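K.L.:
Input file: structure06.csv. Contents: CSV, C-alpha atoms.
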```csv
chain,number,residue,atom,x,y,z
A,10,MET,CA,123.2,94.2,112.0
A,11,LEU,CA,119.8,94.9,110.3
A,12,SER,CA,119.1,98.1,108.6
A,13,PRO,CA,116.4,100.4,110.0
A,14,LEU,CA,114.4,99.7,106.9
A,15,SER,CA,114.6,95.9,107.4
A,16,ILE,CA,113.5,96.3,111.0
A,17,VAL,CA,110.4,98.3,109.9
A,18,TRP,CA,109.5,95.6,107.4
A,19,MET,CA,110.0,92.9,110.1
A,20,LEU,CA,107.6,94.8,112.3
A,21,LEU,CA,105.0,95.3,109.5
A,22,HIS,CA,105.2,91.5,108.7
A,23,ALA,CA,104.7,90.6,112.4
A,24,ILE,CA,101.7,93.0,112.5
A,25,GLU,CA,100.2,91.5,109.4
A,26,GLN,CA,100.6,88.0,110.9
A,27,GLY,CA,99.0,89.2,114.1
A,28,SER,CA,101.9,87.8,116.2
A,29,VAL,CA,102.0,89.5,119.5
A,30,ASP,CA,105.2,87.7,120.5
A,31,THR,CA,107.0,88.7,117.3
A,32,VAL,CA,105.8,92.3,117.5
A,33,SER,CA,107.0,92.5,121.1
A,34,HIS,CA,110.4,90.9,120.2
A,35,VAL,CA,110.9,93.3,117.3
A,36,LEU,CA,110.0,96.3,119.4
A,37,LYS,CA,112.2,95.3,122.4
A,38,THR,CA,115.3,94.2,120.5
A,39,ASN,CA,115.4,97.0,118.0
A,40,GLN,CA,114.1,100.0,119.9
A,41,PRO,CA,117.0,102.4,119.4
A,42,CYS,CA,116.9,102.2,115.6
A,43,LEU,CA,113.3,101.4,114.9
A,44,ASP,CA,111.1,104.2,113.5
A,45,ILE,CA,107.8,103.2,115.0
A,46,ASN,CA,106.1,106.0,113.0
A,47,ALA,CA,107.7,105.1,109.7
A,48,TYR,CA,105.7,106.0,106.6
A,49,CYS,CA,103.5,108.5,108.5
A,50,GLY,CA,102.4,106.0,111.1
A,51,LEU,CA,101.9,102.9,108.9
A,52,PRO,CA,102.7,100.3,111.6
A,53,LEU,CA,99.8,101.5,113.9
A,54,ARG,CA,97.4,102.1,111.0
A,55,LEU,CA,98.3,98.6,109.6
A,56,ALA,CA,97.6,97.1,113.1
A,57,VAL,CA,94.2,98.9,113.2
A,58,CYS,CA,93.3,97.6,109.7
A,59,LYS,CA,94.4,94.1,110.8
A,60,ALA,CA,92.0,94.3,113.7
A,61,LYS,CA,89.2,95.4,111.3
A,62,ALA,CA,90.0,92.4,109.1
A,63,ASP,CA,90.0,90.0,112.1
A,64,CYS,CA,86.7,91.4,113.2
A,65,ALA,CA,85.2,91.0,109.7
A,66,ALA,CA,86.4,87.4,109.7
A,67,GLU,CA,84.7,87.0,113.1
A,68,GLN,CA,88.1,86.3,114.7
A,69,PRO,CA,88.6,87.3,118.4
A,70,LEU,CA,90.2,90.8,118.8
A,71,THR,CA,92.5,89.8,121.7
A,72,GLU,CA,95.7,89.5,119.6
A,73,SER,CA,94.9,92.6,117.5
A,74,LEU,CA,94.3,94.7,120.6
A,75,ALA,CA,97.5,93.4,122.2
A,76,VAL,CA,99.5,94.4,119.0
A,77,VAL,CA,97.9,97.9,118.9
A,78,SER,CA,98.6,98.3,122.6
A,79,LEU,CA,102.3,97.3,122.2
A,80,LEU,CA,102.7,99.8,119.3
A,81,LEU,CA,101.1,102.6,121.3
A,82,ASN,CA,103.2,101.8,124.4
A,83,ALA,CA,106.3,101.9,122.2
A,84,GLY,CA,105.5,105.4,121.1
A,85,ALA,CA,103.4,105.1,118.0
A,86,ASP,CA,101.8,108.4,117.1
A,87,ILE,CA,98.1,107.9,117.7
A,88,ASN,CA,97.1,110.8,115.5
A,89,ALA,CA,99.4,110.3,112.6
A,90,ALA,CA,97.9,110.4,109.2
A,91,HIS,CA,99.3,110.6,105.7
A,92,ALA,CA,99.3,113.9,104.1
A,93,ALA,CA,96.5,114.1,101.5
A,94,ASP,CA,98.9,115.2,98.8
A,95,GLN,CA,101.6,114.0,96.6
A,96,ARG,CA,103.7,112.8,99.6
A,97,TRP,CA,101.4,109.7,99.9
A,98,VAL,CA,102.0,108.8,96.3
A,99,GLY,CA,105.7,109.1,97.0
A,100,TYR,CA,105.4,106.9,100.2
A,101,GLN,CA,103.6,104.3,98.2
A,102,ARG,CA,106.4,104.2,95.7
A,103,HIS,CA,109.0,104.0,98.5
A,104,ILE,CA,107.1,101.3,100.3
A,105,LYS,CA,107.0,99.1,97.2
A,106,LYS,CA,110.7,99.8,96.5
A,107,ASP,CA,111.6,99.2,100.1
A,108,MET,CA,109.8,95.9,100.1
A,109,ARG,CA,111.8,94.7,97.2
A,110,ALA,CA,115.1,96.1,98.7
A,111,VAL,CA,114.8,94.0,101.8
A,112,GLY,CA,113.6,90.9,100.0
A,113,THR,CA,110.1,90.9,101.4
A,114,ASN,CA,108.3,87.7,100.5
A,115,ARG,CA,105.9,88.4,97.6
A,116,HIS,CA,102.9,86.9,99.5
A,117,VAL,CA,103.7,89.1,102.6
A,118,ALA,CA,104.1,92.2,100.4
A,119,ALA,CA,100.7,91.5,98.8
A,120,LYS,CA,99.0,91.2,102.1
A,121,ILE,CA,100.6,94.3,103.5
A,122,SER,CA,99.7,96.2,100.3
A,123,SER,CA,96.1,95.0,100.4
A,124,LEU,CA,95.8,96.2,104.0
A,125,MET,CA,97.4,99.5,103.1
A,126,CYS,CA,94.8,100.0,100.4
A,127,VAL,CA,92.1,100.5,103.1
A,128,THR,CA,94.2,103.1,104.9
A,129,PHE,CA,93.1,106.1,102.9
A,130,PRO,CA,95.7,108.8,102.6
A,131,ASP,CA,94.5,111.2,105.4
A,132,THR,CA,92.6,108.8,107.6
A,133,PRO,CA,93.7,108.7,111.3
A,134,ALA,CA,93.8,105.4,113.1
A,135,LEU,CA,90.7,106.2,115.2
A,136,ALA,CA,88.6,106.8,112.1
A,137,LEU,CA,89.8,103.5,110.6
A,138,ALA,CA,88.5,101.7,113.7
A,139,CYS,CA,85.0,103.3,113.8
A,140,GLY,CA,83.1,101.4,111.2
A,141,GLN,CA,81.8,98.4,113.3
A,142,ASN,CA,80.3,98.2,116.8
A,143,GLU,CA,82.3,95.1,117.4
A,144,LEU,CA,85.5,97.3,117.3
A,145,GLU,CA,84.4,99.2,120.4
A,146,PRO,CA,87.3,97.8,122.5
A,147,LEU,CA,89.7,99.0,119.9
A,148,VAL,CA,88.1,102.4,119.8
A,149,ALA,CA,88.3,102.6,123.6
A,150,LEU,CA,92.0,101.6,123.5
A,151,LEU,CA,92.8,104.3,121.0
A,152,LEU,CA,90.8,106.9,123.0
A,153,LYS,CA,92.6,105.9,126.2
A,154,HIS,CA,95.8,106.8,124.4
A,155,ASN,CA,94.5,110.3,123.5
A,156,ALA,CA,93.3,109.7,120.0
A,157,ASP,CA,91.9,113.0,118.7
A,158,VAL,CA,88.2,112.6,118.0
A,159,ALA,CA,88.2,115.7,115.8
A,160,ALA,CA,91.1,114.5,113.6
A,161,GLY,CA,90.4,114.4,109.9
A,162,GLU,CA,87.6,116.9,110.3
A,163,GLY,CA,85.7,114.6,112.5
A,164,LEU,CA,86.1,111.6,110.2
A,165,ALA,CA,85.8,109.1,113.1
A,166,LEU,CA,82.3,110.2,114.0
A,167,ARG,CA,81.2,110.4,110.4
A,168,SER,CA,82.6,107.0,109.7
A,169,ALA,CA,80.8,105.5,112.7
A,170,ALA,CA,77.5,107.2,111.8
A,171,CYS,CA,77.8,106.1,108.1
A,172,PHE,CA,78.3,102.5,109.0
A,173,GLY,CA,75.6,102.5,111.7
A,174,ALA,CA,78.0,101.9,114.6
A,175,THR,CA,75.7,103.5,117.1
A,176,LYS,CA,77.7,102.3,120.2
A,177,ILE,CA,80.8,104.0,118.8
A,178,VAL,CA,78.9,107.1,117.9
A,179,ARG,CA,77.8,107.4,121.5
A,180,VAL,CA,81.4,106.9,122.8
A,181,LEU,CA,82.8,109.5,120.4
A,182,LEU,CA,80.1,112.0,121.3
A,183,GLN,CA,80.9,111.4,125.0
A,184,GLN,CA,84.5,112.2,124.2
A,185,GLY,CA,83.7,115.5,122.6
A,186,ALA,CA,83.2,114.7,119.0
A,187,THR,CA,80.8,117.0,117.2
A,188,ALA,CA,78.5,116.5,114.3
A,189,LYS,CA,79.5,119.8,112.8
A,190,ASP,CA,79.9,119.7,109.0
A,191,ASN,CA,83.4,121.0,108.5
A,192,ALA,CA,83.2,120.7,104.8
A,193,SER,CA,80.6,123.4,104.5
A,194,GLU,CA,83.0,125.9,106.2
A,195,ALA,CA,85.6,125.8,103.4
```
Is it possible to express this structure as structure tokens?
P.N.:
Amino acid sequence: MLSPLSIVWMLLHAIEQGSVDTVSHVLKTNQPCLDINAYCGLPLRLAVCKAKADCAAEQPLTESLAVVSLLLNAGADINAAHAADQRWVGYQRHIKKDMRAVGTNRHVAAKISSLMCVTFPDTPALALACGQNELEPLVALLLKHNADVAAGEGLALRSAACFGATKIVRVLLQQGATAKDNASEA
């Protein structure tokens, strides 16, 4: 029997590969002992980053959307974000240690680590998806699953505006996002 840690790494590897069938299999066969929100929601955040990478490489989003949908339907926390404090540094250390402990292939570990680098410590999945108009279907999927448009002090809207993703800005504003500058209130 596999350890819960090994199961999480199988899931992360399947997500990184973009394999809908493998993600589905891992989710179905390991549901009782799988922590879908391991490492503060890393599986979902990794899937969103994989979708961004596919989009940047001009790959179709069909597989990435299916993986994100599988994770959400399996109970992934749509609004999970890493704590912006020392806990994330600790998670990074644990993740690297855990990869070695379960014998994760060095190539796979490097790809997962590189995708993790773009998941800034306190960035919710929705904000990660808001940088490109081409990711509108992904943003719509996350919103359908009740992503909080105000999470991260409105980071999703700021991200979309910063990157010129006007379609996504409109969608977020329709969903109640505000352009209020929360940083000036502190």
K.L.:
So, with all atoms listed in the file as the atoms that count, which of A:Asp63, A:Glu145, A:Asp157, A:Asp30 lies closest to Val76 in chain A?
P.N.:
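Ranked by minimum distance to Val76 in chain A, first place goes to A:Asp30.
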K.L.:
In Å, how far is it from CA of Leu51 in chain A to CA of Thr175 in chain A?
P.N.:
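Value for the CA of Leu51 in chain A-CA of Thr175 in chain A distance: 27.5 Å.
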K.L.:
Could you tell me which of A:Ala56, A:Ala65, A:Leu79, A:Asn46 comes closest to Ser33 in chain A if we count all atoms listed in the file?
P.N.:
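Under the stated criterion, the closest residue is A:Leu79.
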K.L.:
Tell me which of A:Ala188, A:Ala169, A:Leu53, A:Leu74 sits closest to Pro133 in chain A, counting all atoms listed in the file.
P.N.:
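For Pro133 in chain A, the nearest of the given residues is A:Leu53.
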K.L.:
Name the residues in contact with Asn88 in chain A at a cut-off of 9 Å, using only C-alpha atoms, excluding same-chain residues fewer than 6 positions from it; report them as a list in words.
P.N.:
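Final neighbour list, sorted by chain and number: Gly50, Pro133, Ala134, Leu135, Asn155, Ala156, Asp157 and Ala160 of chain A.
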K.L.:
For CA of Ala89 in chain A and CA of Leu137 in chain A, determine how far apart the two atoms are, in Å to one decimal place.
P.N.:
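CA of Ala89 in chain A sits 11.9 Å away from CA of Leu137 in chain A.
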K.L.:
Could you tell me how far CA of Lys37 in chain A lies from CA of Leu55 in chain A, in Å and to one decimal?
P.N.:
19.2 Å
K.L.:
Determine the nearest neighbour of Thr71 in chain A from the options A:Leu181, A:Leu14, A:Val29, A:Ala186, counting only C-alpha atoms.
P.N.:
A:Val29
K.L.:
Quick one: of A:Leu21, A:Val32, A:Val77, A:Ala66, who's nearest to Leu147 in chain A, counting all atoms listed in the file?
P.N.:
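Closest residue, counting all atoms listed in the file: A:Val77.
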K.L.:
What's around Leu164 in chain A at 8 Å? Count all atoms listed in the file, leave out sequence neighbours fewer than 5 positions away in its own chain, and write the answer as JSON, numbers by chain.
P.N.:
{"A": [132, 136, 159]}
K.L.:
Create the file for the chosen residues now, containing C-alpha atoms and written as a PDB file, in the coordinates of the input.
P.N.:
```pdb
ATOM      1  CA  THR A 132      92.600 108.800 107.600  1.00  0.00           C
ATOM      2  CA  ALA A 136      88.600 106.800 112.100  1.00  0.00           C
ATOM      3  CA  ALA A 159      88.200 115.700 115.800  1.00  0.00           C
TER       4      ALA A 159
END
```
K.L.:
Smallest atom-to-atom distance to Thr187 in chain A: which of A:Ala165, A:Leu152, A:Leu81, A:Leu11, using only C-alpha atoms?
P.N.:
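Checking each of A:Ala165, A:Leu152, A:Leu81, A:Leu11 against Thr187 in chain A, counting only C-alpha atoms, the winner is A:Ala165.
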